[in-house]
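A.B. asks: Here you go, structure-v4.txt (compact mmCIF, C-alpha atoms and all ligand atoms):
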# COMPACT_ATOMS: atom_id res chain seq x y z
CA MET Z 27 179.72 112.22 123.42
CA THR Z 28 178.02 112.81 126.78
CA ARG Z 29 174.74 111.03 127.23
CA ARG Z 30 172.02 112.71 129.25
CA ARG Z 31 170.82 109.39 130.59
CA PRO Z 32 172.60 106.33 131.96
CA LYS Z 33 173.66 103.72 129.45
CA LEU Z 34 171.71 100.52 130.09
CA PHE Z 35 173.34 97.25 131.04
CA THR Z 36 170.04 96.03 132.45
CA PRO Z 37 168.23 92.84 131.38
CA GLY Z 38 165.50 94.91 129.72
CA PRO Z 39 164.87 97.53 128.70
CA VAL Z 40 168.10 97.69 126.76
CA GLU Z 41 169.97 100.25 124.67
CA VAL Z 42 168.19 100.76 121.33
CA PRO Z 43 170.47 101.42 118.34
CA GLU Z 44 169.72 104.72 116.61
CA ASP Z 45 168.63 103.15 113.32
CA LEU Z 46 166.00 101.09 115.16
CA ALA Z 47 164.82 104.08 117.19
CA ARG Z 48 164.48 106.06 113.92
CA ALA Z 49 162.56 103.18 112.30
CA ALA Z 50 159.78 103.77 114.84
CA ASP Z 51 158.93 107.22 113.44
CA SER Z 52 156.47 106.35 110.69
CA VAL Z 53 152.74 106.31 111.40
CA ILE Z 54 151.10 104.40 108.56
CA HIS Z 55 147.48 103.28 108.53
CA HIS Z 56 147.02 99.80 109.94
CA ARG Z 57 144.40 98.88 107.32
CA SER Z 58 146.58 99.95 104.36
CA ALA Z 59 148.27 97.66 101.83
CA LEU Z 60 151.56 99.17 102.99
CA PHE Z 61 151.01 97.91 106.53
CA ARG Z 62 149.87 94.50 105.31
CA ARG Z 63 153.09 94.06 103.32
CA GLN Z 64 155.18 95.10 106.29
CA PHE Z 65 153.23 92.89 108.68
CA ALA Z 66 153.60 89.90 106.34
CA ARG Z 67 157.39 90.27 106.57
CA VAL Z 68 157.23 90.75 110.34
CA ARG Z 69 155.10 87.62 110.80
CA GLU Z 70 157.55 85.59 108.73
CA GLY Z 71 160.52 86.98 110.67
CA LEU Z 72 158.91 86.19 114.01
CA LYS Z 73 158.04 82.64 112.95
CA ARG Z 74 161.69 82.15 111.95
CA LEU Z 75 162.80 83.43 115.34
CA PHE Z 76 160.38 81.22 117.32
CA ARG Z 77 161.00 78.32 114.88
CA THR Z 78 157.32 77.70 114.38
CA GLU Z 79 154.86 77.20 111.57
CA GLY Z 80 152.20 78.47 113.97
CA GLU Z 81 150.97 82.05 114.19
CA VAL Z 82 152.70 84.71 116.27
CA ALA Z 83 150.30 87.26 117.77
CA VAL Z 84 151.79 90.75 118.16
CA LEU Z 85 150.23 92.59 121.12
CA ALA Z 86 150.55 96.19 122.26
CA ALA Z 87 151.72 95.05 125.69
CA SER Z 88 154.85 94.29 127.67
CA GLY Z 89 155.99 90.71 128.29
CA THR Z 90 153.55 90.30 131.16
CA GLY Z 91 150.69 91.11 128.78
CA ALA Z 92 151.89 88.31 126.51
CA MET Z 93 152.04 85.98 129.53
CA GLU Z 94 148.52 87.01 130.55
CA ALA Z 95 147.23 86.36 127.01
CA ALA Z 96 148.79 82.88 127.14
CA ALA Z 97 147.26 82.12 130.55
CA ALA Z 98 143.81 83.47 129.63
CA ASN Z 99 143.70 81.46 126.42
CA LEU Z 100 145.09 78.17 127.73
CA ILE Z 101 143.18 77.98 131.01
CA SER Z 102 139.54 77.40 131.84
CA PRO Z 103 138.56 78.00 135.47
CA GLY Z 104 139.12 74.84 137.55
CA ASP Z 105 141.85 73.42 135.25
CA ARG Z 106 144.81 71.83 136.95
CA VAL Z 107 148.15 73.31 135.87
CA LEU Z 108 151.76 72.76 136.92
CA VAL Z 109 154.08 75.77 137.18
CA VAL Z 110 157.86 75.53 137.43
CA ARG Z 111 158.73 78.31 139.89
CA SER Z 112 162.35 79.04 139.04
CA GLY Z 113 162.28 82.64 140.25
CA LYS Z 114 160.26 85.81 139.96
CA PHE Z 115 158.97 85.11 136.46
CA GLY Z 116 158.06 81.48 137.17
CA GLY Z 117 156.18 82.97 140.14
CA ARG Z 118 154.42 85.37 137.77
CA TRP Z 119 153.11 82.42 135.72
CA ALA Z 120 151.65 80.98 138.94
CA GLU Z 121 149.98 84.30 139.86
CA LEU Z 122 148.46 84.64 136.40
CA CYS Z 123 147.19 81.05 136.45
CA ARG Z 124 145.51 81.64 139.80
CA THR Z 125 144.02 84.89 138.47
CA TYR Z 126 142.33 82.87 135.71
CA GLY Z 127 140.94 80.35 138.20
CA ALA Z 128 143.33 77.45 137.65
CA ARG Z 129 144.14 74.98 140.42
CA VAL Z 130 147.88 75.52 140.53
CA GLU Z 131 150.60 73.16 141.70
CA HIS Z 132 154.21 74.30 141.85
CA LEU Z 133 157.54 72.69 141.20
CA ASP Z 134 159.87 74.99 143.11
CA VAL Z 135 163.47 75.44 142.02
CA PRO Z 136 165.98 77.06 144.41
CA PRO Z 137 167.39 80.44 143.28
CA GLY Z 138 170.04 79.90 140.61
CA ALA Z 139 169.21 76.23 140.05
CA VAL Z 140 167.49 74.80 136.98
CA VAL Z 141 164.52 72.46 136.86
CA ASP Z 142 165.33 68.76 136.92
CA PRO Z 143 163.23 67.02 134.22
CA ASP Z 144 163.42 63.77 136.23
CA GLN Z 145 161.53 65.52 139.05
CA LEU Z 146 159.03 67.01 136.67
CA GLU Z 147 158.07 63.78 134.92
CA PRO Z 148 156.49 62.03 137.96
CA ARG Z 149 154.67 65.26 138.89
CA VAL Z 150 153.07 65.32 135.44
CA ASP Z 151 152.12 61.64 135.87
CA GLU Z 152 150.61 62.26 139.31
CA MET Z 153 148.59 65.39 138.67
CA ASN Z 154 147.79 65.14 134.96
CA PRO Z 155 147.85 68.91 134.35
CA SER Z 156 146.36 70.48 131.22
CA VAL Z 157 149.31 72.90 130.95
CA VAL Z 158 152.88 73.03 132.25
CA PHE Z 159 154.28 76.58 132.56
CA LEU Z 160 158.03 77.20 132.38
CA VAL Z 161 160.50 80.10 132.00
CA HIS Z 162 163.42 79.44 129.64
CA SER Z 163 165.84 82.16 130.78
CA GLU Z 164 164.83 83.13 134.34
CA THR Z 165 165.94 86.78 134.31
CA SER Z 166 165.72 87.11 138.10
CA THR Z 167 168.35 84.41 138.80
CA GLY Z 168 170.19 84.31 135.45
CA ALA Z 169 169.55 80.57 135.13
CA LEU Z 170 168.73 78.82 131.86
CA ASN Z 171 166.24 75.96 131.98
CA ASP Z 172 166.51 73.14 129.47
CA VAL Z 173 163.25 73.49 127.55
CA GLU Z 174 163.98 70.56 125.26
CA ALA Z 175 164.47 68.19 128.22
CA VAL Z 176 161.35 69.52 129.95
CA ALA Z 177 159.33 69.05 126.75
CA ARG Z 178 160.60 65.46 126.57
CA ALA Z 179 159.61 64.89 130.22
CA VAL Z 180 156.13 66.32 129.57
CA GLY Z 181 155.99 64.04 126.55
CA GLY Z 182 152.89 65.55 125.00
CA ARG Z 183 150.74 64.68 128.06
CA ALA Z 184 150.14 68.40 128.70
CA THR Z 185 150.52 71.59 126.66
CA LEU Z 186 153.86 73.24 127.42
CA ALA Z 187 153.82 77.06 127.70
CA VAL Z 188 157.24 78.71 127.81
CA ASP Z 189 158.31 82.25 128.65
CA VAL Z 190 161.14 83.00 126.21
CA VAL Z 191 161.04 86.73 127.02
CA SER Z 192 164.78 86.96 127.68
CA SER Z 193 165.94 83.99 125.55
CA LEU Z 194 164.39 84.65 122.14
CA GLY Z 195 167.26 85.24 119.70
CA VAL Z 196 169.67 84.67 122.60
CA HIS Z 197 169.56 80.89 123.09
CA ALA Z 198 168.52 78.06 120.79
CA PHE Z 199 164.76 77.61 121.02
CA GLU Z 200 162.96 75.19 118.68
CA MET Z 201 159.26 75.66 119.34
CA ASP Z 202 157.84 73.12 116.87
CA ARG Z 203 160.65 70.57 116.97
CA TRP Z 204 160.65 70.41 120.78
CA GLY Z 205 156.84 70.33 120.97
CA VAL Z 206 156.22 73.63 122.77
CA GLY Z 207 152.54 74.65 122.55
CA VAL Z 208 152.80 78.36 123.35
CA ALA Z 209 155.78 80.70 123.76
CA VAL Z 210 155.75 84.33 124.84
CA ALA Z 211 158.32 87.11 124.34
CA ALA Z 212 158.68 90.89 124.29
CA SER Z 213 160.41 93.60 122.27
CA GLN Z 214 162.79 95.09 124.87
CA LYS Z 215 165.14 92.13 125.22
CA GLY Z 216 167.15 90.25 122.57
CA LEU Z 217 165.60 92.23 119.71
CA GLY Z 218 166.97 95.44 121.21
CA LEU Z 219 163.75 97.46 120.74
CA PRO Z 220 161.92 99.75 123.15
CA PRO Z 221 159.40 98.09 125.49
CA GLY Z 222 155.84 97.95 124.22
CA LEU Z 223 155.36 94.84 122.08
CA GLY Z 224 154.46 91.40 123.41
CA PHE Z 225 154.52 88.25 121.26
CA VAL Z 226 152.54 85.06 121.71
CA ALA Z 227 153.48 82.19 119.42
CA VAL Z 228 150.75 79.56 119.21
CA GLY Z 229 151.62 76.11 117.91
CA SER Z 230 149.06 73.77 116.41
CA GLY Z 231 149.14 71.61 119.58
CA ALA Z 232 147.75 74.47 121.67
CA LEU Z 233 144.86 75.47 119.39
CA ARG Z 234 142.41 73.07 121.02
CA LEU Z 235 142.88 74.74 124.44
CA VAL Z 236 142.68 78.24 122.92
CA GLU Z 237 139.38 77.35 121.24
CA ALA Z 238 137.99 75.66 124.36
CA SER Z 239 138.99 78.18 127.03
CA SER Z 240 136.04 79.53 128.98
CA SER Z 241 138.08 82.33 130.58
CA PRO Z 242 136.86 85.88 130.01
CA ARG Z 243 139.00 87.52 127.30
CA TYR Z 244 138.53 90.31 124.82
CA TYR Z 245 141.61 92.37 123.83
CA PHE Z 246 143.78 89.35 124.65
CA ASP Z 247 141.53 86.81 122.87
CA LEU Z 248 144.15 85.04 120.77
CA ARG Z 249 141.51 83.71 118.38
CA ARG Z 250 141.12 87.28 117.07
CA TYR Z 251 144.89 87.58 116.45
CA LEU Z 252 145.13 84.18 114.75
CA ALA Z 253 142.26 84.98 112.39
CA ALA Z 254 143.46 88.51 111.58
CA GLY Z 255 147.10 87.40 111.23
CA ALA Z 256 146.21 84.93 108.48
CA ASP Z 257 145.20 88.02 106.48
CA ASN Z 258 148.29 90.03 107.58
CA GLN Z 259 146.12 92.13 109.83
CA THR Z 260 145.79 92.86 113.52
CA PRO Z 261 142.36 92.75 115.18
CA PHE Z 262 142.64 96.27 116.63
CA THR Z 263 144.66 99.39 115.81
CA ALA Z 264 148.20 98.07 115.41
CA PRO Z 265 151.12 99.68 117.28
CA VAL Z 266 152.37 100.71 113.82
CA THR Z 267 155.48 102.66 114.81
CA GLN Z 268 156.74 99.81 116.97
CA ILE Z 269 155.95 97.27 114.28
CA GLY Z 270 157.99 99.43 111.87
CA ALA Z 271 160.92 99.23 114.28
CA LEU Z 272 160.35 95.49 114.69
CA ALA Z 273 160.61 95.03 110.91
CA ALA Z 274 163.95 96.87 111.02
CA ALA Z 275 165.19 94.82 114.00
CA LEU Z 276 164.34 91.53 112.29
CA ARG Z 277 166.30 92.68 109.20
CA ARG Z 278 169.25 93.85 111.32
CA LEU Z 279 169.29 90.61 113.30
CA GLY Z 280 170.13 88.40 110.31
CA SER Z 281 169.75 84.70 111.08
CA VAL Z 282 168.76 83.34 114.49
CA GLU Z 283 172.14 81.60 114.65
CA GLU Z 284 173.98 84.91 114.17
CA SER Z 285 171.94 86.54 116.91
CA ILE Z 286 172.63 83.67 119.32
CA ALA Z 287 176.36 83.73 118.49
CA ARG Z 288 176.53 87.50 119.14
CA HIS Z 289 174.86 87.14 122.54
CA THR Z 290 176.97 84.12 123.51
CA ARG Z 291 180.23 85.91 122.71
CA VAL Z 292 179.37 88.99 124.81
CA ALA Z 293 177.97 86.92 127.69
CA GLU Z 294 181.12 84.79 127.88
CA ALA Z 295 183.31 87.89 128.03
CA VAL Z 296 181.17 89.52 130.75
CA ARG Z 297 181.14 86.36 132.88
CA ALA Z 298 184.93 86.01 132.59
CA GLY Z 299 185.49 89.70 133.45
CA LEU Z 300 183.23 89.56 136.51
CA LYS Z 301 184.91 86.39 137.78
CA ALA Z 302 188.32 88.03 137.34
CA LEU Z 303 187.12 90.89 139.56
CA GLY Z 304 186.07 88.48 142.32
CA PHE Z 305 182.32 88.19 141.68
CA GLU Z 306 180.67 84.79 141.99
CA ILE Z 307 178.26 83.66 139.26
CA LEU Z 308 174.97 82.59 140.91
CA PRO Z 309 173.27 80.23 138.41
CA GLU Z 310 174.42 76.70 137.78
CA VAL Z 311 173.57 77.03 134.07
CA PRO Z 312 174.03 80.71 133.15
CA SER Z 313 171.81 82.43 130.61
CA ASN Z 314 173.42 84.58 127.93
CA ALA Z 315 170.81 87.29 128.61
CA VAL Z 316 172.01 88.40 132.01
CA THR Z 317 174.83 87.59 134.40
CA VAL Z 318 173.64 87.38 138.00
CA VAL Z 319 176.42 87.55 140.56
CA ARG Z 320 177.04 87.69 144.25
CA GLY Z 321 179.39 90.53 145.13
CA PRO Z 322 182.76 89.84 146.68
CA ALA Z 323 182.78 89.89 150.50
CA GLY Z 324 182.78 93.40 151.91
CA LEU Z 325 181.37 95.11 148.81
CA ASP Z 326 178.26 97.24 149.32
CA ALA Z 327 176.27 96.20 146.24
CA SER Z 328 173.67 99.01 146.38
CA LYS Z 329 176.44 101.58 146.72
CA LEU Z 330 178.13 100.12 143.63
CA VAL Z 331 174.89 100.46 141.63
CA ARG Z 332 174.48 104.05 142.85
CA VAL Z 333 178.08 105.06 142.07
CA LEU Z 334 177.86 103.48 138.61
CA GLU Z 335 174.73 105.48 137.88
CA GLU Z 336 175.67 108.81 139.48
CA GLU Z 337 179.35 108.98 138.61
CA PHE Z 338 179.68 106.78 135.54
CA ASN Z 339 176.25 107.30 133.93
CA LEU Z 340 175.71 103.59 133.55
CA ARG Z 341 172.90 101.43 134.90
CA ILE Z 342 173.02 97.82 136.05
CA ALA Z 343 170.24 96.02 137.94
CA GLN Z 344 169.86 94.79 141.49
CA GLY Z 345 168.22 91.56 142.65
CA GLN Z 346 164.48 90.94 142.45
CA GLY Z 347 162.05 89.01 144.61
CA GLU Z 348 163.80 86.83 147.14
CA LEU Z 349 167.20 87.84 145.70
CA GLN Z 350 166.64 91.54 146.40
CA GLY Z 351 169.75 93.01 148.05
CA ARG Z 352 171.67 89.75 147.54
CA VAL Z 353 172.82 89.89 143.90
CA LEU Z 354 173.71 92.21 141.05
CA ARG Z 355 172.46 91.66 137.51
CA PHE Z 356 174.45 92.69 134.44
CA GLY Z 357 172.26 92.62 131.34
CA HIS Z 358 173.79 91.92 127.94
CA LEU Z 359 170.82 91.69 125.62
CA GLY Z 360 170.45 93.34 122.25
CA TRP Z 361 173.14 95.07 120.26
CA ILE Z 362 176.05 95.33 122.70
CA SER Z 363 179.38 96.03 120.99
CA ASP Z 364 182.87 95.14 122.16
CA GLU Z 365 183.39 98.83 123.02
CA ASP Z 366 180.26 98.74 125.19
CA VAL Z 367 181.62 95.78 127.15
CA ILE Z 368 184.98 97.47 127.63
CA ASP Z 369 183.21 100.73 128.70
CA LEU Z 370 181.23 98.70 131.24
CA PHE Z 371 184.34 97.17 132.78
CA GLU Z 372 186.25 100.46 132.82
CA ALA Z 373 183.34 102.04 134.68
CA LEU Z 374 182.98 99.04 136.96
CA GLU Z 375 186.65 99.14 137.94
CA GLY Z 376 186.34 102.88 138.62
CA ALA Z 377 183.21 102.38 140.72
CA LEU Z 378 184.69 99.44 142.65
CA GLY Z 379 187.65 101.68 143.52
CA ARG Z 380 185.25 104.40 144.76
CA CYS Z 381 183.52 101.76 146.90
CA GLY Z 382 186.85 100.96 148.57
CA TYR Z 383 187.09 97.45 147.12
CA ALA Z 384 190.67 96.24 146.60
CA PHE Z 385 191.41 94.39 143.36
CA GLU Z 386 194.17 94.16 140.80
CA ALA Z 387 193.64 97.28 138.68
CA GLY Z 388 192.92 96.49 135.03
CA CYS Z 389 192.19 92.80 135.56
CA GLY Z 390 188.50 93.10 134.59
CA VAL Z 391 189.15 95.22 131.49
CA GLY Z 392 192.14 93.06 130.55
CA THR Z 393 190.10 89.87 130.86
CA VAL Z 394 187.21 91.09 128.70
CA ARG Z 395 189.60 92.48 126.09
CA GLY Z 396 191.41 89.15 126.02
CA ARG Z 397 188.17 87.15 125.80
CA LEU Z 398 186.66 89.30 123.06
CA GLY Z 399 189.95 89.14 121.13
CA SER Z 400 190.32 85.37 121.46
CA LEU Z 401 186.61 84.74 120.83
CA ASP Z 402 187.03 86.56 117.48
CA GLY Z 403 189.35 83.86 116.27
CA GLY Z 404 187.14 81.02 117.49
N1 LIG H 501 159.52 87.09 131.83
C1 LIG H 501 160.83 87.31 131.86
C2 LIG H 501 161.77 86.16 131.78
C3 LIG H 501 161.30 88.63 131.95
O1 LIG H 501 162.61 88.85 131.98
C4 LIG H 501 160.38 89.69 132.02
C5 LIG H 501 160.84 91.13 132.12
N2 LIG H 501 161.95 91.36 132.88
C6 LIG H 501 159.03 89.39 132.00
C7 LIG H 501 158.63 88.07 131.89
C8 LIG H 501 157.98 90.45 132.12
O2 LIG H 501 158.02 91.31 131.08
P1 LIG H 501 157.55 92.84 131.19
O3 LIG H 501 158.35 93.47 132.28
O4 LIG H 501 157.90 93.32 129.82
O5 LIG H 501 156.11 92.84 131.46
Take the structure in the file and give it back as structure tokens.

C.D. replies:
Amino acid sequence: MTRRRPKLFTPGPVEVPEDLARAADSVIHHRSALFRRQFARVREGLKRLFRTEGEVAVLAASGTGAMEAAAANLISPGDRVLVVRSGKFGGRWAELCRTYGARVEHLDVPPGAVVDPDQLEPRVDEMNPSVVFLVHSETSTGALNDVEAVARAVGGRATLAVDVVSSLGVHAFEMDRWGVGVAVAASQKGLGLPPGLGFVAVGSGALRLVEASSSPRYYFDLRRYLAAGADNQTPFTAPVTQIGALAAALRRLGSVEESIARHTRVAEAVRAGLKALGFEILPEVPSNAVTVVRGPAGLDASKLVRVLEEEFNLRIAQGQGELQGRVLRFGHLGWISDEDVIDLFEALEGALGRCGYAFEAGCGVGTVRGRLGSLDGG
């Protein structure tokens, strides 16, 4: 079947399976009993995914909206906060914190590296921040920070706010057990839905800050979502079609463990295939959301992206922020099948050939086939 648009191997948005796209077609009234029943199931499903007994606010917003809601509700102007800047999205936390009047200090992490909890601990001691902001899976570098170790280093001395936008359902994340105060995510990543929904999970440890914040907030006032959620309601008109699709995605996903295992299997195959073709994996601890690579010497990376899109109808992503022009990003979030991975590598080998790059024909496709086959047994 010919698609009219490029197939997405980007780290969000991602391909949406047809059954989930169809599940977004029903406009029900957001004050009806029907919606309340559906929203009750959605709230339960989200709490299972975040591993929290706290409330999960569902916002009509992208991931950045969820981040902004977290910042607005955790910060009062003049508060001192510590932001781990692990890449573009760590940088976004810092920008949002400044926007809400916080006095921001940074712990900068070089591109592709992960934060060292032993460096973080003395910074928390020194500056005594009210909140520490972190990104779990830094989609710009493909690196996976160790949230559990960071939470241990923070040790309850500050509220920990974590962006799990590209790790929710992809990597183990234990909000309550690890002591994370607030976590934010979005629909267009591991859940494999269209963009448009942002999630803010609020643990009991963060409620004091949410109540006390003197930042201006209205649509993103989390107190409204927490109160309405307890009654299976949303404070404003709910994005009902998207919530319908979310209900279907949570059913399709099965257990968190199954979702993580699916993502891990595909990510391992993609990493192995790219290495076989001569790409170098950038991050020291790679996320299963996206594989960020440096191209082999002599390869024109932007030409490869263009050829893949124009001749093979397939879209991968380029670098962002300080990595712009220096890396390629292969997204593998959502509902990627073995056939999708093999399609990707067939196209990639074709496009590499068009770009004049010499490699052993079939070694990428052969490697991913082998990995997917052997991973089945394991
Ligand atoms: N954080 C991370 C880790 C992300 O990957 C993204 C989206 N790429 C965002 C935040 C921002 O989300 P959005 O683009 O949906 O606003």

A.B. asks: Leaving out Thr185 (chain Z) and any residue of its chain fewer than 4 positions from it, which residues lie within 7 Å of it when counting only C-alpha atoms, given as a PyMOL selection string?

C.D. replies: chain Z and resi 156-158+207+232

A.B. asks: For ligand LIG 501 (chain H), which residue out of Z:Val296, Z:Ile54, Z:Cys389, Z:Ala95 is the nearest one, using all atoms listed in the file?

C.D. replies: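 Ranking Z:Val296, Z:Ile54, Z:Cys389, Z:Ala95 by distance to ligand LIG 501 (chain H), first place goes to Z:Ala95.
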
A.B. asks: Give the residue list for ligand LIG 501 (chain H) at 6 Å, counting all atoms listed in the file, as a ChimeraX atom specification, sorted by chain and then by residue number.

C.D. replies: /Z:38,88-90,115,163-165,189,191-192

A.B. asks: Fewer than 6 positions away in the same chain doesn't count, so skip those; otherwise give me all residues within 9 Å of Gly388 (chain Z), counting only C-alpha atoms, as a ChimeraX atom specification.

C.D. replies: /Z:371-372,375

A.B. asks: Once you have the residues from the selection above, write them out as a tab-separated table (two decimals), keeping the file's coordinate frame, restricted to C-alpha atoms.

C.D. replies:
chain	number	residue	atom	x	y	z
Z	371	PHE	CA	184.34	97.17	132.78
Z	372	GLU	CA	186.25	100.46	132.82
Z	375	GLU	CA	186.65	99.14	137.94

A.B. asks: Got a sec: who's within 12 Å of Arg352 (chain Z), counting only C-alpha atoms, leaving out chain neighbours fewer than 3 positions off, as a JSON list (two decimals) with C-alpha atoms, keeping the file's coordinate frame?

C.D. replies:
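The result, written out as selection07.json:
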[["chain", "number", "residue", "atom", "x", "y", "z"],
["Z", 137, "PRO", "CA", 167.39, 80.44, 143.28],
["Z", 166, "SER", "CA", 165.72, 87.11, 138.10],
["Z", 167, "THR", "CA", 168.35, 84.41, 138.80],
["Z", 306, "GLU", "CA", 180.67, 84.79, 141.99],
["Z", 308, "LEU", "CA", 174.97, 82.59, 140.91],
["Z", 318, "VAL", "CA", 173.64, 87.38, 138.00],
["Z", 319, "VAL", "CA", 176.42, 87.55, 140.56],
["Z", 320, "ARG", "CA", 177.04, 87.69, 144.25],
["Z", 321, "GLY", "CA", 179.39, 90.53, 145.13],
["Z", 322, "PRO", "CA", 182.76, 89.84, 146.68],
["Z", 323, "ALA", "CA", 182.78, 89.89, 150.50],
["Z", 325, "LEU", "CA", 181.37, 95.11, 148.81],
["Z", 326, "ASP", "CA", 178.26, 97.24, 149.32],
["Z", 327, "ALA", "CA", 176.27, 96.20, 146.24],
["Z", 328, "SER", "CA", 173.67, 99.01, 146.38],
["Z", 343, "ALA", "CA", 170.24, 96.02, 137.94],
["Z", 344, "GLN", "CA", 169.86, 94.79, 141.49],
["Z", 345, "GLY", "CA", 168.22, 91.56, 142.65],
["Z", 346, "GLN", "CA", 164.48, 90.94, 142.45],
["Z", 347, "GLY", "CA", 162.05, 89.01, 144.61],
["Z", 348, "GLU", "CA", 163.80, 86.83, 147.14],
["Z", 349, "LEU", "CA", 167.20, 87.84, 145.70],
["Z", 355, "ARG", "CA", 172.46, 91.66, 137.51]]

A.B. asks: Pick out the residues sitting within 8 Å of region 280-286 of chain Z, and hand them over as a list in words; count only C-alpha atoms, and ignore anything fewer than 4 positions along from it in its own chain.

C.D. replies: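 So, after excluding close chain neighbours, the residues are Arg74, Leu75, Gly195, Val196, His197, Ala198, Leu276 and Thr290 of chain Z.
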
A.B. asks: Check the smallest atom-to-atom distance from each of Z:Asn314, Z:Thr263, Z:Ser400, Z:Gln268 to Ala287 (chain Z) using all atoms listed in the file, then report the winner.

C.D. replies: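 Going through Z:Asn314, Z:Thr263, Z:Ser400, Z:Gln268 one by one, the smallest distance to Ala287 (chain Z) is for Z:Asn314.
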
A.B. asks: Find the residues near Ser241 (chain Z): any atom within 12 Å, counting all atoms listed in the file, skip ones fewer than 4 places away on the same chain, and give them as a list in words.

C.D. replies: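 These residues fall inside the cut-off: Glu94, Ala95, Ala96, Ala97, Ala98, Asn99, Leu100, Ile101, Ser102, Pro103, Gly104, Asp105, Cys123, Arg124, Thr125, Tyr126, Gly127, Ala128, Leu235, Val236, Glu237, Phe246, Asp247 and Leu248 of chain Z.
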
A.B. asks: Smallest atom-to-atom distance to Phe159 (chain Z): which of Z:Glu121, Z:Glu310, Z:Glu335, Z:Asp51, using only C-alpha atoms?

C.D. replies: Z:Glu121

A.B. asks: Pick the closest to Pro312 (chain Z) from Z:Arg297, Z:Arg129, Z:Lys114, Z:Arg277: which is it, counting all atoms listed in the file?

C.D. replies: Z:Arg297

A.B. asks: What is the CA of Val135 (chain Z)-CA of Gly113 (chain Z) distance in Å, reported with one decimal?

C.D. replies: 7.5 Å

A.B. asks: When you draw a straight line from CA of Ala179 (chain Z) to CA of Glu147 (chain Z), how long is it in Å?

C.D. replies: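 Those two atoms sit 5.1 Å apart.
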
A.B. asks: Could you tell me which of Z:Leu223, Z:Val173, Z:Leu300, Z:Leu122 comes closest to Glu200 (chain Z) if we count all atoms listed in the file?

C.D. replies: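 Checking each of Z:Leu223, Z:Val173, Z:Leu300, Z:Leu122 against Glu200 (chain Z), counting all atoms listed in the file, the winner is Z:Val173.
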
A.B. asks: Of the residues Z:Gly396, Z:Pro221, Z:Pro242, Z:Gly117, which is the one nearest to Gly299 (chain Z), using all atoms listed in the file?

C.D. replies: Z:Gly396

A.B. asks: Which distance in Å separates CA of Gly392 (chain Z) and CA of Ala373 (chain Z), to one decimal?

C.D. replies: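 Separating CA of Gly392 (chain Z) from CA of Ala373 (chain Z) is a distance of 13.2 Å.
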